[in-house]
>>> print(open('query35.pdb').read())   # PDB, C-alpha atoms, pLDDT in the B column
ATOM      1  CA  MET A  16     -32.243 162.252 226.598  1.00 44.00           C
ATOM      2  CA  LEU A  17     -31.777 165.658 225.030  1.00 48.00           C
ATOM      3  CA  PRO A  18     -34.089 166.306 222.071  1.00 46.00           C
ATOM      4  CA  VAL A  19     -31.341 166.618 219.479  1.00 49.00           C
ATOM      5  CA  LEU A  20     -29.925 163.273 220.564  1.00 48.00           C
ATOM      6  CA  ALA A  21     -33.211 161.447 220.363  1.00 45.00           C
ATOM      7  CA  GLN A  22     -33.534 159.301 217.298  1.00 43.00           C
ATOM      8  CA  ALA A  23     -37.047 160.651 216.916  1.00 38.00           C
ATOM      9  CA  THR A  24     -38.416 161.029 213.447  1.00 40.00           C
ATOM     10  CA  THR A  25     -42.026 161.536 214.487  1.00 39.00           C
ATOM     11  CA  VAL A  26     -41.492 164.078 217.258  1.00 44.00           C
ATOM     12  CA  THR A  27     -40.891 167.710 216.477  1.00 56.00           C
ATOM     13  CA  TYR A  28     -39.993 170.504 218.840  1.00 57.00           C
ATOM     14  CA  SER A  29     -41.328 174.010 218.625  1.00 71.00           C
ATOM     15  CA  ALA A  30     -39.065 176.891 217.688  1.00 72.00           C
ATOM     16  CA  LEU A  31     -39.632 178.233 221.193  1.00 73.00           C
ATOM     17  CA  THR A  32     -38.406 175.001 222.803  1.00 67.00           C
ATOM     18  CA  VAL A  33     -35.300 174.926 220.630  1.00 66.00           C
ATOM     19  CA  ARG A  34     -34.613 178.631 221.294  1.00 70.00           C
ATOM     20  CA  GLU A  35     -35.061 178.210 225.059  1.00 71.00           C
ATOM     21  CA  LEU A  36     -32.743 175.191 225.142  1.00 67.00           C
ATOM     22  CA  GLY A  37     -30.177 177.173 223.182  1.00 67.00           C
ATOM     23  CA  ASN A  38     -30.475 180.110 225.585  1.00 69.00           C
ATOM     24  CA  PHE A  39     -30.069 177.785 228.563  1.00 70.00           C
ATOM     25  CA  LEU A  40     -26.965 176.143 227.111  1.00 63.00           C
ATOM     26  CA  MET A  41     -25.354 179.413 226.058  1.00 65.00           C
ATOM     27  CA  ASN A  42     -25.864 180.927 229.518  1.00 69.00           C
ATOM     28  CA  LEU A  43     -24.476 178.174 231.706  1.00 62.00           C
ATOM     29  CA  PRO A  44     -22.368 179.538 234.567  1.00 61.00           C
ATOM     30  CA  THR A  45     -18.649 179.996 233.948  1.00 61.00           C
ATOM     31  CA  GLY A  46     -16.875 176.755 234.691  1.00 63.00           C
ATOM     32  CA  PHE A  47     -19.951 174.583 234.132  1.00 70.00           C
ATOM     33  CA  TYR A  48     -17.826 172.052 232.271  1.00 77.00           C
ATOM     34  CA  ALA A  49     -17.012 174.717 229.704  1.00 89.00           C
ATOM     35  CA  ILE A  50     -13.439 175.502 228.807  1.00 94.00           C
ATOM     36  CA  ALA A  51     -12.137 178.689 227.220  1.00 94.00           C
ATOM     37  CA  PRO A  52     -10.518 178.186 223.812  1.00 97.00           C
ATOM     38  CA  ALA A  53      -7.015 179.146 225.018  1.00 97.00           C
ATOM     39  CA  ALA A  54      -7.303 176.791 228.003  1.00 96.00           C
ATOM     40  CA  ALA A  55      -8.523 174.011 225.689  1.00 97.00           C
ATOM     41  CA  LYS A  56      -5.516 174.558 223.404  1.00 98.00           C
ATOM     42  CA  ASN A  57      -3.170 174.452 226.399  1.00 97.00           C
ATOM     43  CA  MET A  58      -4.792 171.228 227.596  1.00 97.00           C
ATOM     44  CA  MET A  59      -4.479 169.705 224.112  1.00 97.00           C
ATOM     45  CA  ASP A  60      -0.776 170.610 224.081  1.00 97.00           C
ATOM     46  CA  THR A  61      -0.016 169.204 227.537  1.00 97.00           C
ATOM     47  CA  VAL A  62      -2.459 166.357 228.222  1.00 96.00           C
ATOM     48  CA  ASP A  63      -3.509 163.336 226.168  1.00 96.00           C
ATOM     49  CA  VAL A  64      -7.072 164.354 225.316  1.00 98.00           C
ATOM     50  CA  PHE A  65      -9.672 163.105 222.861  1.00 98.00           C
ATOM     51  CA  ILE A  66     -10.982 165.946 220.696  1.00 98.00           C
ATOM     52  CA  LEU A  67     -14.567 165.405 219.587  1.00 98.00           C
ATOM     53  CA  ASP A  68     -16.230 167.440 216.839  1.00 98.00           C
ATOM     54  CA  VAL A  69     -20.009 166.941 216.888  1.00 97.00           C
ATOM     55  CA  ARG A  70     -20.777 168.973 213.753  1.00 97.00           C
ATOM     56  CA  GLU A  71     -22.023 167.466 210.515  1.00 97.00           C
ATOM     57  CA  PRO A  72     -19.468 165.775 208.212  1.00 98.00           C
ATOM     58  CA  ASN A  73     -19.633 168.588 205.632  1.00 97.00           C
ATOM     59  CA  GLU A  74     -18.819 171.149 208.343  1.00 97.00           C
ATOM     60  CA  PHE A  75     -15.953 168.981 209.582  1.00 98.00           C
ATOM     61  CA  ALA A  76     -14.576 168.616 206.038  1.00 98.00           C
ATOM     62  CA  GLY A  77     -14.475 172.407 205.662  1.00 98.00           C
ATOM     63  CA  GLU A  78     -12.382 173.109 208.764  1.00 98.00           C
ATOM     64  CA  ARG A  79     -11.639 171.541 212.109  1.00 98.00           C
ATOM     65  CA  ILE A  80      -9.290 171.483 215.066  1.00 98.00           C
ATOM     66  CA  GLN A  81      -6.181 169.401 214.401  1.00 98.00           C
ATOM     67  CA  GLY A  82      -6.620 165.837 215.689  1.00 98.00           C
ATOM     68  CA  ALA A  83     -10.398 166.026 216.120  1.00 98.00           C
ATOM     69  CA  VAL A  84     -12.608 163.020 215.497  1.00 98.00           C
ATOM     70  CA  ASN A  85     -15.996 163.695 213.900  1.00 98.00           C
ATOM     71  CA  ILE A  86     -19.084 162.062 215.374  1.00 97.00           C
ATOM     72  CA  PRO A  87     -22.166 164.116 214.487  1.00 96.00           C
ATOM     73  CA  ILE A  88     -24.341 164.760 217.523  1.00 94.00           C
ATOM     74  CA  ARG A  89     -27.244 162.852 215.950  1.00 92.00           C
ATOM     75  CA  ASP A  90     -25.007 159.737 215.856  1.00 94.00           C
ATOM     76  CA  LEU A  91     -23.492 160.146 219.308  1.00 94.00           C
ATOM     77  CA  PRO A  92     -25.847 157.817 221.247  1.00 92.00           C
ATOM     78  CA  LYS A  93     -25.151 154.882 218.945  1.00 93.00           C
ATOM     79  CA  ARG A  94     -21.404 155.637 218.650  1.00 95.00           C
ATOM     80  CA  VAL A  95     -20.684 156.516 222.278  1.00 94.00           C
ATOM     81  CA  GLY A  96     -18.701 153.277 222.626  1.00 94.00           C
ATOM     82  CA  GLU A  97     -16.049 154.727 220.294  1.00 96.00           C
ATOM     83  CA  LEU A  98     -15.086 157.297 222.928  1.00 97.00           C
ATOM     84  CA  PRO A  99     -12.333 156.591 225.447  1.00 96.00           C
ATOM     85  CA  LYS A 100     -13.442 156.408 229.082  1.00 91.00           C
ATOM     86  CA  GLY A 101      -9.898 156.775 230.385  1.00 91.00           C
ATOM     87  CA  LYS A 102      -8.961 160.190 229.037  1.00 96.00           C
ATOM     88  CA  PRO A 103     -10.449 163.677 229.083  1.00 97.00           C
ATOM     89  CA  ILE A 104     -12.642 164.640 226.143  1.00 98.00           C
ATOM     90  CA  ILE A 105     -12.886 168.131 224.715  1.00 98.00           C
ATOM     91  CA  VAL A 106     -15.987 168.572 222.569  1.00 98.00           C
ATOM     92  CA  TYR A 107     -16.936 171.354 220.198  1.00 98.00           C
ATOM     93  CA  CYS A 108     -19.344 172.344 217.450  1.00 97.00           C
ATOM     94  CA  LYS A 109     -19.669 175.615 215.529  1.00 97.00           C
ATOM     95  CA  VAL A 110     -20.887 178.016 218.234  1.00 93.00           C
ATOM     96  CA  GLY A 111     -21.402 175.888 221.344  1.00 89.00           C
ATOM     97  CA  HIS A 112     -25.014 174.636 221.276  1.00 86.00           C
ATOM     98  CA  ARG A 113     -24.391 171.107 220.008  1.00 92.00           C
ATOM     99  CA  GLY A 114     -21.125 170.902 221.937  1.00 93.00           C
ATOM    100  CA  SER A 115     -22.922 171.751 225.190  1.00 88.00           C
ATOM    101  CA  MET A 116     -25.644 169.204 224.488  1.00 88.00           C
ATOM    102  CA  ALA A 117     -23.037 166.541 223.733  1.00 93.00           C
ATOM    103  CA  MET A 118     -21.141 167.458 226.895  1.00 92.00           C
ATOM    104  CA  MET A 119     -24.269 167.081 229.035  1.00 87.00           C
ATOM    105  CA  PHE A 120     -25.133 163.745 227.395  1.00 89.00           C
ATOM    106  CA  LEU A 121     -21.585 162.389 227.814  1.00 93.00           C
ATOM    107  CA  ARG A 122     -21.334 163.586 231.421  1.00 89.00           C
ATOM    108  CA  GLY A 123     -24.488 161.575 232.067  1.00 88.00           C
ATOM    109  CA  GLN A 124     -22.730 158.542 230.581  1.00 90.00           C
ATOM    110  CA  GLY A 125     -19.772 158.933 232.957  1.00 92.00           C
ATOM    111  CA  TYR A 126     -17.296 160.640 230.623  1.00 95.00           C
ATOM    112  CA  ASN A 127     -14.852 163.351 231.714  1.00 95.00           C
ATOM    113  CA  VAL A 128     -15.774 165.973 229.122  1.00 96.00           C
ATOM    114  CA  GLN A 129     -15.650 169.732 228.673  1.00 95.00           C
ATOM    115  CA  SER A 130     -17.117 171.851 225.883  1.00 95.00           C
ATOM    116  CA  ILE A 131     -15.150 174.647 224.200  1.00 96.00           C
ATOM    117  CA  SER A 132     -16.864 177.958 224.960  1.00 92.00           C
ATOM    118  CA  GLY A 133     -18.109 179.470 221.717  1.00 92.00           C
ATOM    119  CA  GLY A 134     -17.323 176.328 219.733  1.00 96.00           C
ATOM    120  CA  LEU A 135     -15.115 176.511 216.666  1.00 98.00           C
ATOM    121  CA  ASP A 136     -16.077 180.154 216.120  1.00 97.00           C
ATOM    122  CA  GLY A 137     -14.778 180.968 219.623  1.00 95.00           C
ATOM    123  CA  TRP A 138     -11.635 178.979 218.891  1.00 98.00           C
ATOM    124  CA  LYS A 139     -10.975 180.930 215.676  1.00 98.00           C
ATOM    125  CA  ASN A 140     -11.849 184.268 217.315  1.00 97.00           C
ATOM    126  CA  ALA A 141      -9.150 183.501 219.879  1.00 97.00           C
ATOM    127  CA  GLY A 142      -6.654 183.268 216.995  1.00 98.00           C
ATOM    128  CA  LEU A 143      -6.167 179.507 217.348  1.00 98.00           C
ATOM    129  CA  PRO A 144      -5.344 177.321 214.338  1.00 98.00           C
ATOM    130  CA  VAL A 145      -7.710 175.186 212.279  1.00 98.00           C
ATOM    131  CA  VAL A 146      -7.088 172.604 209.595  1.00 98.00           C
ATOM    132  CA  LYS A 147      -8.804 173.326 206.271  1.00 95.00           C
TER     133      LYS A 147
END
>>> encode(input="query35.pdb", output="structure tokens")
Amino acid sequence: MLPVLAQATTVTYSALTVRELGNFLMNLPTGFYAIAPAAAKNMMDTVDVFILDVREPNEFAGERIQGAVNIPIRDLPKRVGELPKGKPIIVYCKVGHRGSMAMMFLRGQGYNVQSISGGLDGWKNAGLPVVK
């Protein structure tokens, strides 16, 4: 399981480990289950998708993509049963780290999931709407 998803309270990870994981996730090849913000918006407008926001509740309360459901990444393993197996899932966070980790975890659980490239910041930079 990915470190951020582990329910570990006694294990800590070095700053180097966290930084290297972040670098790995941010540099995945184009098309590695990532979806550009505009393509994600098009998919949301044309296909019945489940939109998953894995940020913390206070981040979600501040702004979010219309129709998103908030399950913080730390809660995802115990709440994975709330996700639909029969429809595509689009996941996002603020900049893409947590979204990519969630995407990898959910892919391993058999879900059809893509992560928005750049997270919510990428979405907003593309001029797409958010709910505040």
>>> residues_around(input="query35.pdb", residues="Gly77 of chain A", least_positions_apart="5", cutoff="10 Å", atoms="only C-alpha atoms", output="mmCIF file with C-alpha atoms, keeping the file's coordinate frame")
data_model
loop_
_atom_site.group_PDB
_atom_site.id
_atom_site.type_symbol
_atom_site.label_atom_id
_atom_site.label_comp_id
_atom_site.auth_asym_id
_atom_site.auth_seq_id
_atom_site.Cartn_x
_atom_site.Cartn_y
_atom_site.Cartn_z
ATOM 1 C CA PRO A 72 -19.468 165.775 208.212
ATOM 2 C CA VAL A 145 -7.710 175.186 212.279
ATOM 3 C CA VAL A 146 -7.088 172.604 209.595
ATOM 4 C CA LYS A 147 -8.804 173.326 206.271
#
>>> atom_distance(input="query35.pdb", atom1="atom CA of Lys100 of chain A", atom2="atom CA of Gly133 of chain A")
24.7 Å
>>> closest_residue(input="query35.pdb", among="A:Asn73, A:Gln129, A:Gln124, A:Asn140", to="Val110 of chain A", atoms="all atoms listed in the file")
A:Asn140
>>> closest_residue(input="query35.pdb", among="A:Phe120, A:Lys109, A:Phe39, A:Asn57", to="Arg79 of chain A", atoms="all atoms listed in the file")
A:Lys109
>>> resolve_selection(input="query35.pdb", expression="the PyMOL selection byres ((chain A and resi 85-98) around 9)", output="list in words")
Val19, Leu20, Ala21, Gln22, Phe65, Ile66, Leu67, Asp68, Val69, Arg70, Glu71, Pro72, Phe75, Ala83, Val84, Pro99, Lys100, Ile104, Arg113, Gly114, Met116, Ala117, Phe120, Leu121, Gln124 and Tyr126 of chain A
>>> write_last_selection(input="query35.pdb", atoms="C-alpha atoms", output="short mmCIF file (atom, residue, chain, number, x, y, z; two decimals), keeping the file's coordinate frame")
data_model
loop_
_atom_site.label_atom_id
_atom_site.label_comp_id
_atom_site.auth_asym_id
_atom_site.auth_seq_id
_atom_site.Cartn_x
_atom_site.Cartn_y
_atom_site.Cartn_z
CA VAL A 19 -31.34 166.62 219.48
CA LEU A 20 -29.92 163.27 220.56
CA ALA A 21 -33.21 161.45 220.36
CA GLN A 22 -33.53 159.30 217.30
CA PHE A 65 -9.67 163.10 222.86
CA ILE A 66 -10.98 165.95 220.70
CA LEU A 67 -14.57 165.40 219.59
CA ASP A 68 -16.23 167.44 216.84
CA VAL A 69 -20.01 166.94 216.89
CA ARG A 70 -20.78 168.97 213.75
CA GLU A 71 -22.02 167.47 210.52
CA PRO A 72 -19.47 165.78 208.21
CA PHE A 75 -15.95 168.98 209.58
CA ALA A 83 -10.40 166.03 216.12
CA VAL A 84 -12.61 163.02 215.50
CA PRO A 99 -12.33 156.59 225.45
CA LYS A 100 -13.44 156.41 229.08
CA ILE A 104 -12.64 164.64 226.14
CA ARG A 113 -24.39 171.11 220.01
CA GLY A 114 -21.12 170.90 221.94
CA MET A 116 -25.64 169.20 224.49
CA ALA A 117 -23.04 166.54 223.73
CA PHE A 120 -25.13 163.74 227.40
CA LEU A 121 -21.58 162.39 227.81
CA GLN A 124 -22.73 158.54 230.58
CA TYR A 126 -17.30 160.64 230.62
#
>>> decode(input="query35.pdb", residues="segment 93-105 of chain A", atoms="C-alpha atoms", output="PDB file, in the first residue's frame")
ATOM      1  CA  LYS A  93     -11.719   2.067   4.646  1.00  0.00           C
ATOM      2  CA  ARG A  94     -14.270   3.865   2.420  1.00  0.00           C
ATOM      3  CA  VAL A  95     -13.387   2.265  -0.914  1.00  0.00           C
ATOM      4  CA  GLY A  96     -16.700   0.377  -0.837  1.00  0.00           C
ATOM      5  CA  GLU A  97     -18.526   3.693  -1.329  1.00  0.00           C
ATOM      6  CA  LEU A  98     -17.116   3.988  -4.849  1.00  0.00           C
ATOM      7  CA  PRO A  99     -19.010   2.621  -7.845  1.00  0.00           C
ATOM      8  CA  LYS A 100     -17.316  -0.243  -9.689  1.00  0.00           C
ATOM      9  CA  GLY A 101     -19.520   0.167 -12.751  1.00  0.00           C
ATOM     10  CA  LYS A 102     -18.632   3.686 -13.840  1.00  0.00           C
ATOM     11  CA  PRO A 103     -15.459   5.626 -14.579  1.00  0.00           C
ATOM     12  CA  ILE A 104     -13.962   7.611 -11.716  1.00  0.00           C
ATOM     13  CA  ILE A 105     -12.132  10.893 -12.122  1.00  0.00           C
TER      14      ILE A 105
END
